[in-house]
Every structure is written in structure tokens, then in C-alpha cells.
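In what follows, a single structure is set out as C-alpha cells and then discussed.
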Amino acid sequence: MASGQLSREEALACSGCRHACHVMLYADTTSKLFGRTPIRHIVLMQMRFDGLLGFPGGLVNPAEESLEAGLSRELLEELGLEIPITEEDYVETCYAPALSWTAKSKLILHFYVKKMEEEQIKEVERAAASTAVDHGLEVMGMVRVPLFRTNHDGGLSFFLSHSFIGNARSQLINSLLRLHLISPQNLAKALRKSLGMHATTREDLRAALAFAERSTAAGAQP
């Protein structure tokens, strides 16, 4: 078992631990970008209130509900639809990265993957923006993961260079490989390109910071 991972049974037996469940919803598609680039798969993530990318879900209480029931409840709040989650959708359990642990208790993450039909995915997207109680509050909006590559290596490369909550990026990457939604070669190319983007991003941020500091200094002058 990988470092930080534990079985479902070990997790539920942990005293003084908090639990959170999240799910990757995905579907196959025959649609094409600009009518020529096959999209092949739709994978949903969300922009969180803190500006980080993650999967829908949240905290559950195994003492009062099953993990799956708790996850379904969270999905109703965040997506505006009842999406039944079963143990068949369960993938893995692990401790949250150290920086996510609270001073009072460790946080245990349970990850699920559920395949849906394309029209069901579209219904989720519509409901998430119109009826979900958490839309605009805990959730800023649903986003599709661009698994394709465009000219100048756009698409997945740029997406992976964003900031993710906890281990959501590794959960995404592992799921893409396990489900054969992308080839290892194309994923490696996207990740190498993402690494190179960070140098440019740092320079952009430094320039933006310098501008903000100049504006602050100018505003402070009498």
C-alpha cells in the first residue's frame, strides 16, 4: 500500500479522525473541439471558494451516515442533483497531505470515480449553475478537464499548471491513467510542458506585484 494510504476498514476504525469524500464524475463523448480535435472524455472538477481546483464532495460523519450517503448529500448541495454513489464507485482512502491536517484531528480522504452518460454530465453542469445551494458560495463553478492538446501545447498542459487542493491533482492523474482516458506518453508531455510554464508564471506574478506595490506607494503619498 502506498505511503499515506490505508484501507477503508482502517480508516473507519480511526478514532479522532475527520473524514471527507470526493468523486470524479466522467463520461465518454464523440464531440470535437472546433470540429476537428476529438475531446473523447468529459471529466468534471470544480473551482472552489479558495481559488483551488478540486473534486465535488466534502466532510462526512461515518458515525451518522455511510461514506456514500454522506458524499451523495454533499453532491446534492454542490451540484443540485441527487447522484447515487455506491461502494462500487470507491477507489481509495488516504490521509490528507500534512498541511491539510488540523491541530485537533487528522483528515482522511475517501476518493470515488463514477462514470455517467454524456447527457447526465450536462444535466449536472446545468443544475450546478442554477439550483445548487452552494453555487457562488463554497463552489465557484464546475469545469471540464481539457484532456486534449491544441496548438502550442494548450489544453491539458495549462490545466495541470493551475493550483489544486490537497492531492486532487494526483487523484486526477492516477484516474486518467487507470481508466485509460489518456496515454502515459501524452500525459508525460503535458506534465513536462506544465513544469516549464511555472517560470513564465513567476515572472508575470513578479511584474503584477511590482505594479501593485507602486500603486500602493503612490496612493500613500500626500
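Chain labels run A, B, ... following the order of the C-alpha cells; each chain numbers its residues from 1, and ligands are numbered from 1 in the order shown.
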
Enumerate, in order of chain and increasing residue number, the residues of region 141-196 of chain A with an atom no farther than 12 Å from region 82-100 of chain A, each with its shortest atom pair and distance in Å to one decimal, counting only C-alpha atoms, as JSON lines.
{"residue": "A:Ile165", "atom": "CA", "partner": "A:Ser100", "partner_atom": "CA", "distance": 9.1}
{"residue": "A:Gly166", "atom": "CA", "partner": "A:Pro97", "partner_atom": "CA", "distance": 6.0}
{"residue": "A:Asn167", "atom": "CA", "partner": "A:Pro97", "partner_atom": "CA", "distance": 6.9}
{"residue": "A:Ala168", "atom": "CA", "partner": "A:Ala96", "partner_atom": "CA", "distance": 10.2}
{"residue": "A:Ser170", "atom": "CA", "partner": "A:Pro97", "partner_atom": "CA", "distance": 11.5}
{"residue": "A:Gln171", "atom": "CA", "partner": "A:Glu92", "partner_atom": "CA", "distance": 9.5}
{"residue": "A:Leu172", "atom": "CA", "partner": "A:Val91", "partner_atom": "CA", "distance": 11.9}
{"residue": "A:Asn174", "atom": "CA", "partner": "A:Val91", "partner_atom": "CA", "distance": 10.6}
{"residue": "A:Ser175", "atom": "CA", "partner": "A:Val91", "partner_atom": "CA", "distance": 9.2}
{"residue": "A:Arg178", "atom": "CA", "partner": "A:Val91", "partner_atom": "CA", "distance": 10.5}
{"residue": "A:Leu179", "atom": "CA", "partner": "A:Val91", "partner_atom": "CA", "distance": 11.6}

Residues from last step as file, C-alpha atoms, as a PDB file, in the first residue's frame:
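The new file again_22.pdb reads:
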ATOM      1  CA  ILE A 165      -6.434  21.398  -3.310  1.00  0.00           C
ATOM      2  CA  GLY A 166      -4.642  18.652  -1.344  1.00  0.00           C
ATOM      3  CA  ASN A 167      -3.984  15.609  -3.508  1.00  0.00           C
ATOM      4  CA  ALA A 168      -6.644  16.389  -6.147  1.00  0.00           C
ATOM      5  CA  SER A 170      -2.565  13.284  -8.180  1.00  0.00           C
ATOM      6  CA  GLN A 171      -6.075  11.802  -7.899  1.00  0.00           C
ATOM      7  CA  LEU A 172      -6.855  13.208 -11.336  1.00  0.00           C
ATOM      8  CA  ASN A 174      -3.925   8.492 -11.368  1.00  0.00           C
ATOM      9  CA  SER A 175      -7.544   8.190 -12.522  1.00  0.00           C
ATOM     10  CA  ARG A 178      -6.056   3.845 -14.528  1.00  0.00           C
ATOM     11  CA  LEU A 179      -9.120   4.367 -16.718  1.00  0.00           C
TER      12      LEU A 179
END

>> Taking 6 positions as the minimum chain separation for residues in the same chain, which residues sit within 9 Å of Cys21 (chain A) when counting only C-alpha atoms? Answer as a PyMOL selection string.
In response: chain A and resi 56-60+67-68+70-71+74+108-112

Can you spit out the residues from that selection as an mmCIF file, in the first residue's frame, using N, CA and C atoms?
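For reference, selection-v6.cif as written:
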data_model
loop_
_atom_site.group_PDB
_atom_site.id
_atom_site.type_symbol
_atom_site.label_atom_id
_atom_site.label_comp_id
_atom_site.auth_asym_id
_atom_site.auth_seq_id
_atom_site.Cartn_x
_atom_site.Cartn_y
_atom_site.Cartn_z
ATOM 1 N N PRO A 56 -15.852 17.541 -6.550
ATOM 2 C CA PRO A 56 -17.023 17.764 -5.695
ATOM 3 C C PRO A 56 -17.080 16.769 -4.544
ATOM 4 N N GLY A 57 -17.589 17.239 -3.409
ATOM 5 C CA GLY A 57 -17.680 16.409 -2.210
ATOM 6 C C GLY A 57 -17.427 17.256 -0.987
ATOM 7 N N GLY A 58 -17.190 16.598 0.155
ATOM 8 C CA GLY A 58 -16.933 17.347 1.374
ATOM 9 C C GLY A 58 -16.890 16.461 2.597
ATOM 10 N N LEU A 59 -16.994 17.074 3.764
ATOM 11 C CA LEU A 59 -16.898 16.355 5.022
ATOM 12 C C LEU A 59 -18.122 15.473 5.257
ATOM 13 N N VAL A 60 -17.877 14.276 5.786
ATOM 14 C CA VAL A 60 -18.956 13.352 6.139
ATOM 15 C C VAL A 60 -18.712 12.860 7.559
ATOM 16 N N LEU A 67 -20.314 6.453 4.203
ATOM 17 C CA LEU A 67 -19.486 7.342 3.395
ATOM 18 C C LEU A 67 -20.213 7.736 2.117
ATOM 19 N N GLU A 68 -20.870 6.756 1.503
ATOM 20 C CA GLU A 68 -21.548 7.005 0.238
ATOM 21 C C GLU A 68 -22.757 7.930 0.419
ATOM 22 N N GLY A 70 -23.097 10.157 2.768
ATOM 23 C CA GLY A 70 -22.566 11.486 3.052
ATOM 24 C C GLY A 70 -22.094 12.182 1.788
ATOM 25 N N LEU A 71 -21.442 11.429 0.908
ATOM 26 C CA LEU A 71 -20.974 12.004 -0.349
ATOM 27 C C LEU A 71 -22.158 12.431 -1.217
ATOM 28 N N GLU A 74 -23.483 15.694 0.024
ATOM 29 C CA GLU A 74 -22.630 16.805 -0.369
ATOM 30 C C GLU A 74 -22.818 17.154 -1.846
ATOM 31 N N ILE A 108 -9.010 12.298 6.851
ATOM 32 C CA ILE A 108 -8.912 11.135 5.981
ATOM 33 C C ILE A 108 -9.759 11.386 4.744
ATOM 34 N N LEU A 109 -9.169 11.152 3.573
ATOM 35 C CA LEU A 109 -9.843 11.404 2.300
ATOM 36 C C LEU A 109 -10.246 10.090 1.642
ATOM 37 N N HIS A 110 -11.502 10.009 1.229
ATOM 38 C CA HIS A 110 -12.021 8.855 0.507
ATOM 39 C C HIS A 110 -12.353 9.314 -0.913
ATOM 40 N N PHE A 111 -11.825 8.617 -1.902
ATOM 41 C CA PHE A 111 -11.976 9.053 -3.291
ATOM 42 C C PHE A 111 -12.792 8.040 -4.083
ATOM 43 N N TYR A 112 -13.697 8.575 -4.906
ATOM 44 C CA TYR A 112 -14.590 7.763 -5.728
ATOM 45 C C TYR A 112 -14.502 8.223 -7.182
#

>> Using only C-alpha atoms, which protein or nucleic acid residues come within 12 Å of Ser130 (chain A)? Drop anything in the same chain fewer than 6 positions from it, and give the result as an MDAnalysis selection string.
In response: chainID A and resid 77:81 123:124 136 141:142

Output of the above residues as a short mmCIF file (atom, residue, chain, number, x, y, z; two decimals), in the first residue's frame, restricted to all heavy atoms:
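Resulting contents of out.cif:
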data_model
loop_
_atom_site.label_atom_id
_atom_site.label_comp_id
_atom_site.auth_asym_id
_atom_site.auth_seq_id
_atom_site.Cartn_x
_atom_site.Cartn_y
_atom_site.Cartn_z
N GLU A 77 -25.84 19.29 -2.44
CA GLU A 77 -25.62 20.69 -2.07
C GLU A 77 -24.77 21.42 -3.11
O GLU A 77 -25.03 22.58 -3.43
CB GLU A 77 -24.95 20.76 -0.70
CG GLU A 77 -25.79 20.22 0.44
CD GLU A 77 -25.02 20.16 1.75
OE1 GLU A 77 -23.84 20.59 1.76
OE2 GLU A 77 -25.58 19.69 2.75
N GLU A 78 -23.75 20.74 -3.64
CA GLU A 78 -22.80 21.39 -4.53
C GLU A 78 -23.22 21.34 -6.00
O GLU A 78 -22.85 22.23 -6.78
CB GLU A 78 -21.41 20.77 -4.37
CG GLU A 78 -20.80 20.99 -2.99
CD GLU A 78 -19.40 20.46 -2.88
OE1 GLU A 78 -18.89 19.88 -3.88
OE2 GLU A 78 -18.77 20.62 -1.81
N LEU A 79 -23.95 20.28 -6.38
CA LEU A 79 -24.30 20.10 -7.78
C LEU A 79 -25.78 20.28 -8.06
O LEU A 79 -26.19 20.39 -9.22
CB LEU A 79 -23.86 18.71 -8.26
CG LEU A 79 -22.38 18.37 -8.05
CD1 LEU A 79 -22.09 16.97 -8.59
CD2 LEU A 79 -21.49 19.39 -8.73
N GLY A 80 -26.60 20.27 -7.01
CA GLY A 80 -28.03 20.49 -7.20
C GLY A 80 -28.78 19.28 -7.70
O GLY A 80 -29.93 19.38 -8.11
N LEU A 81 -28.15 18.11 -7.69
CA LEU A 81 -28.78 16.88 -8.15
C LEU A 81 -28.48 15.75 -7.18
O LEU A 81 -27.41 15.73 -6.55
CB LEU A 81 -28.26 16.47 -9.53
CG LEU A 81 -28.79 17.22 -10.77
CD1 LEU A 81 -28.07 16.69 -12.00
CD2 LEU A 81 -30.28 17.06 -10.91
N GLU A 123 -26.48 17.52 -17.55
CA GLU A 123 -27.51 17.86 -16.57
C GLU A 123 -26.88 18.31 -15.26
O GLU A 123 -27.37 19.25 -14.61
CB GLU A 123 -28.42 16.65 -16.33
CG GLU A 123 -29.60 16.95 -15.42
CD GLU A 123 -30.50 15.74 -15.20
OE1 GLU A 123 -30.18 14.67 -15.73
OE2 GLU A 123 -31.51 15.89 -14.49
N VAL A 124 -25.80 17.66 -14.86
CA VAL A 124 -25.07 18.06 -13.66
C VAL A 124 -24.56 19.49 -13.81
O VAL A 124 -24.70 20.31 -12.90
CB VAL A 124 -23.89 17.11 -13.39
CG1 VAL A 124 -22.95 17.69 -12.33
CG2 VAL A 124 -24.40 15.74 -12.94
N GLY A 136 -21.63 29.62 -6.13
CA GLY A 136 -21.27 31.01 -5.82
C GLY A 136 -20.85 31.23 -4.39
O GLY A 136 -20.46 32.34 -4.02
N GLY A 141 -17.90 27.22 -9.47
CA GLY A 141 -18.40 26.72 -10.74
C GLY A 141 -17.73 25.41 -11.13
O GLY A 141 -16.63 25.09 -10.67
N MET A 142 -18.40 24.63 -11.98
CA MET A 142 -17.85 23.38 -12.47
C MET A 142 -16.97 23.66 -13.69
O MET A 142 -17.22 24.60 -14.45
CB MET A 142 -18.97 22.42 -12.87
CG MET A 142 -19.93 22.08 -11.74
SD MET A 142 -19.11 21.36 -10.29
CE MET A 142 -18.45 19.85 -11.00
#

> Excluding same-chain residues fewer than 5 positions from Gln46 (chain A), what lies within 9 Å of it counting only C-alpha atoms, as a VMD selection string?
Replying inline: chain A and resid 52 to 56 139 to 144

Include N, CA and C atoms and write out the residues we just selected as a CSV table (one decimal), in the first residue's frame.
chain,number,residue,atom,x,y,z
A,52,LEU,N,-8.9,27.2,-5.5
A,52,LEU,CA,-8.2,26.0,-5.8
A,52,LEU,C,-9.1,25.0,-6.6
A,53,LEU,N,-8.6,24.2,-7.5
A,53,LEU,CA,-9.3,23.2,-8.2
A,53,LEU,C,-9.5,22.0,-7.3
A,54,GLY,N,-10.6,21.3,-7.4
A,54,GLY,CA,-10.8,20.1,-6.6
A,54,GLY,C,-12.0,19.3,-7.2
A,55,PHE,N,-12.3,18.2,-6.6
A,55,PHE,CA,-13.5,17.4,-7.0
A,55,PHE,C,-14.6,17.7,-6.0
A,56,PRO,N,-15.9,17.5,-6.5
A,56,PRO,CA,-17.0,17.8,-5.7
A,56,PRO,C,-17.1,16.8,-4.5
A,139,VAL,N,-18.7,26.8,-3.9
A,139,VAL,CA,-18.3,26.4,-5.2
A,139,VAL,C,-18.4,27.5,-6.2
A,140,MET,N,-17.4,27.9,-6.9
A,140,MET,CA,-17.5,29.0,-7.8
A,140,MET,C,-18.0,28.5,-9.2
A,141,GLY,N,-17.9,27.2,-9.5
A,141,GLY,CA,-18.4,26.7,-10.7
A,141,GLY,C,-17.7,25.4,-11.1
A,142,MET,N,-18.4,24.6,-12.0
A,142,MET,CA,-17.9,23.4,-12.5
A,142,MET,C,-17.0,23.7,-13.7
A,143,VAL,N,-15.9,22.9,-13.9
A,143,VAL,CA,-15.1,23.0,-15.0
A,143,VAL,C,-14.8,21.6,-15.6
A,144,ARG,N,-14.6,21.6,-16.9
A,144,ARG,CA,-14.2,20.3,-17.6
A,144,ARG,C,-12.7,20.3,-17.7

> Which residue gives the smallest distance to Lys106 (chain A) among A:Ala217, A:Ile42, A:Cys14, A:Val23, with only C-alpha atoms counted?
Replying inline: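 Once distances to Lys106 (chain A) are computed over only C-alpha atoms, the minimum belongs to A:Cys14.
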
>> I need the helix (DSSP H, G or I) residues of region 32-128 of chain A per DSSP on the backbone, written as number ranges by chain.
In response: A: 67-79, 87-89, 98-100, 118-128

>> Between CA of Ser66 (chain A) and CA of Met45 (chain A), what distance in Å does the model show, to one decimal?
In response: 23.2 Å

>> Taking 2 positions as the minimum chain separation for residues in the same chain, which residues sit within 9 Å of Lys115 (chain A) when counting only C-alpha atoms? Answer as a ChimeraX atom specification.
In response: /A:24-28,89,113,117

> From the set A:Gly196, A:Pro184, A:Pro146, A:Gly155, which residue has the shortest atom-to-atom contact distance to Leu44 (chain A), counting only C-alpha atoms?
Replying inline: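 Closest to Leu44 (chain A), using only C-alpha atoms: A:Pro146.
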
>> Between A:Pro38, A:Pro62, A:Gln185, A:Leu156, which residue has the minimum interatomic distance to Glu9 (chain A), considering only C-alpha atoms?
In response: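 Once distances to Glu9 (chain A) are computed over only C-alpha atoms, the minimum belongs to A:Pro62.
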
>> I need the strand (DSSP E) residues of region 69-217 of chain A per DSSP on the backbone, written as number ranges by chain.
In response: A: 90-95, 107-115, 139-144

Expected file: the selected residues, N, CA, C and O atoms, as a PDB file, in the first residue's frame:
ATOM      1  N   TYR A  90     -16.077   3.328  -5.266  1.00  0.00           N
ATOM      2  CA  TYR A  90     -14.965   3.621  -4.355  1.00  0.00           C
ATOM      3  C   TYR A  90     -13.628   3.240  -4.996  1.00  0.00           C
ATOM      4  O   TYR A  90     -13.486   2.195  -5.642  1.00  0.00           O
ATOM      5  N   VAL A  91     -12.622   4.107  -4.802  1.00  0.00           N
ATOM      6  CA  VAL A  91     -11.295   3.861  -5.373  1.00  0.00           C
ATOM      7  C   VAL A  91     -10.232   3.685  -4.298  1.00  0.00           C
ATOM      8  O   VAL A  91      -9.530   2.677  -4.257  1.00  0.00           O
ATOM      9  N   GLU A  92     -10.102   4.659  -3.391  1.00  0.00           N
ATOM     10  CA  GLU A  92      -9.026   4.585  -2.411  1.00  0.00           C
ATOM     11  C   GLU A  92      -9.282   5.509  -1.238  1.00  0.00           C
ATOM     12  O   GLU A  92     -10.139   6.404  -1.290  1.00  0.00           O
ATOM     13  N   THR A  93      -8.510   5.278  -0.179  1.00  0.00           N
ATOM     14  CA  THR A  93      -8.543   6.120   1.018  1.00  0.00           C
ATOM     15  C   THR A  93      -7.115   6.469   1.408  1.00  0.00           C
ATOM     16  O   THR A  93      -6.214   5.630   1.318  1.00  0.00           O
ATOM     17  N   CYS A  94      -6.896   7.709   1.845  1.00  0.00           N
ATOM     18  CA  CYS A  94      -5.565   8.105   2.275  1.00  0.00           C
ATOM     19  C   CYS A  94      -5.679   9.268   3.253  1.00  0.00           C
ATOM     20  O   CYS A  94      -6.728   9.904   3.369  1.00  0.00           O
ATOM     21  N   TYR A  95      -4.613   9.524   3.966  1.00  0.00           N
ATOM     22  CA  TYR A  95      -4.555  10.702   4.813  1.00  0.00           C
ATOM     23  C   TYR A  95      -4.378  11.931   3.929  1.00  0.00           C
ATOM     24  O   TYR A  95      -3.701  11.885   2.904  1.00  0.00           O
ATOM     25  N   LEU A 107      -7.223  14.414   8.914  1.00  0.00           N
ATOM     26  CA  LEU A 107      -8.288  14.340   7.929  1.00  0.00           C
ATOM     27  C   LEU A 107      -8.020  13.166   7.001  1.00  0.00           C
ATOM     28  O   LEU A 107      -6.935  13.047   6.431  1.00  0.00           O
ATOM     29  N   ILE A 108      -9.010  12.298   6.851  1.00  0.00           N
ATOM     30  CA  ILE A 108      -8.912  11.135   5.981  1.00  0.00           C
ATOM     31  C   ILE A 108      -9.759  11.386   4.744  1.00  0.00           C
ATOM     32  O   ILE A 108     -10.922  11.791   4.837  1.00  0.00           O
ATOM     33  N   LEU A 109      -9.169  11.152   3.573  1.00  0.00           N
ATOM     34  CA  LEU A 109      -9.843  11.404   2.300  1.00  0.00           C
ATOM     35  C   LEU A 109     -10.246  10.090   1.642  1.00  0.00           C
ATOM     36  O   LEU A 109      -9.422   9.184   1.495  1.00  0.00           O
ATOM     37  N   HIS A 110     -11.502  10.009   1.229  1.00  0.00           N
ATOM     38  CA  HIS A 110     -12.021   8.855   0.507  1.00  0.00           C
ATOM     39  C   HIS A 110     -12.353   9.314  -0.913  1.00  0.00           C
ATOM     40  O   HIS A 110     -13.081  10.294  -1.097  1.00  0.00           O
ATOM     41  N   PHE A 111     -11.825   8.617  -1.902  1.00  0.00           N
ATOM     42  CA  PHE A 111     -11.976   9.053  -3.291  1.00  0.00           C
ATOM     43  C   PHE A 111     -12.792   8.040  -4.083  1.00  0.00           C
ATOM     44  O   PHE A 111     -12.601   6.826  -3.963  1.00  0.00           O
ATOM     45  N   TYR A 112     -13.697   8.575  -4.906  1.00  0.00           N
ATOM     46  CA  TYR A 112     -14.590   7.763  -5.728  1.00  0.00           C
ATOM     47  C   TYR A 112     -14.502   8.223  -7.182  1.00  0.00           C
ATOM     48  O   TYR A 112     -14.154   9.369  -7.463  1.00  0.00           O
ATOM     49  N   VAL A 113     -14.835   7.334  -8.099  1.00  0.00           N
ATOM     50  CA  VAL A 113     -14.930   7.666  -9.521  1.00  0.00           C
ATOM     51  C   VAL A 113     -16.217   7.059 -10.056  1.00  0.00           C
ATOM     52  O   VAL A 113     -16.483   5.870  -9.846  1.00  0.00           O
ATOM     53  N   LYS A 114     -17.039   7.874 -10.720  1.00  0.00           N
ATOM     54  CA  LYS A 114     -18.317   7.397 -11.235  1.00  0.00           C
ATOM     55  C   LYS A 114     -18.451   7.762 -12.712  1.00  0.00           C
ATOM     56  O   LYS A 114     -18.360   8.941 -13.077  1.00  0.00           O
ATOM     57  N   LYS A 115     -18.709   6.756 -13.538  1.00  0.00           N
ATOM     58  CA  LYS A 115     -18.931   7.000 -14.966  1.00  0.00           C
ATOM     59  C   LYS A 115     -20.410   7.257 -15.205  1.00  0.00           C
ATOM     60  O   LYS A 115     -21.271   6.562 -14.669  1.00  0.00           O
ATOM     61  N   VAL A 139     -18.694  26.784  -3.865  1.00  0.00           N
ATOM     62  CA  VAL A 139     -18.275  26.352  -5.206  1.00  0.00           C
ATOM     63  C   VAL A 139     -18.448  27.502  -6.183  1.00  0.00           C
ATOM     64  O   VAL A 139     -19.546  28.045  -6.316  1.00  0.00           O
ATOM     65  N   MET A 140     -17.387  27.873  -6.877  1.00  0.00           N
ATOM     66  CA  MET A 140     -17.453  28.972  -7.838  1.00  0.00           C
ATOM     67  C   MET A 140     -17.963  28.514  -9.201  1.00  0.00           C
ATOM     68  O   MET A 140     -18.394  29.332 -10.003  1.00  0.00           O
ATOM     69  N   GLY A 141     -17.903  27.224  -9.468  1.00  0.00           N
ATOM     70  CA  GLY A 141     -18.397  26.718 -10.742  1.00  0.00           C
ATOM     71  C   GLY A 141     -17.731  25.411 -11.125  1.00  0.00           C
ATOM     72  O   GLY A 141     -16.629  25.094 -10.669  1.00  0.00           O
ATOM     73  N   MET A 142     -18.404  24.627 -11.977  1.00  0.00           N
ATOM     74  CA  MET A 142     -17.852  23.380 -12.472  1.00  0.00           C
ATOM     75  C   MET A 142     -16.972  23.664 -13.686  1.00  0.00           C
ATOM     76  O   MET A 142     -17.224  24.604 -14.455  1.00  0.00           O
ATOM     77  N   VAL A 143     -15.940  22.869 -13.852  1.00  0.00           N
ATOM     78  CA  VAL A 143     -15.062  22.998 -15.020  1.00  0.00           C
ATOM     79  C   VAL A 143     -14.792  21.624 -15.603  1.00  0.00           C
ATOM     80  O   VAL A 143     -14.778  20.619 -14.885  1.00  0.00           O
ATOM     81  N   ARG A 144     -14.614  21.588 -16.910  1.00  0.00           N
ATOM     82  CA  ARG A 144     -14.227  20.348 -17.582  1.00  0.00           C
ATOM     83  C   ARG A 144     -12.708  20.317 -17.726  1.00  0.00           C
ATOM     84  O   ARG A 144     -12.077  21.336 -18.023  1.00  0.00           O
TER      85      ARG A 144
END

> What is the distance, in Å and to one decimal place, between CA of His198 (chain A) and CA of Phe159 (chain A)?
Replying inline: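 Separation of CA of His198 (chain A) and CA of Phe159 (chain A): 12.1 Å.
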
> When you draw a straight line from CA of Arg192 (chain A) to CA of Thr29 (chain A), how long is it in Å?
Replying inline: 26.6 Å
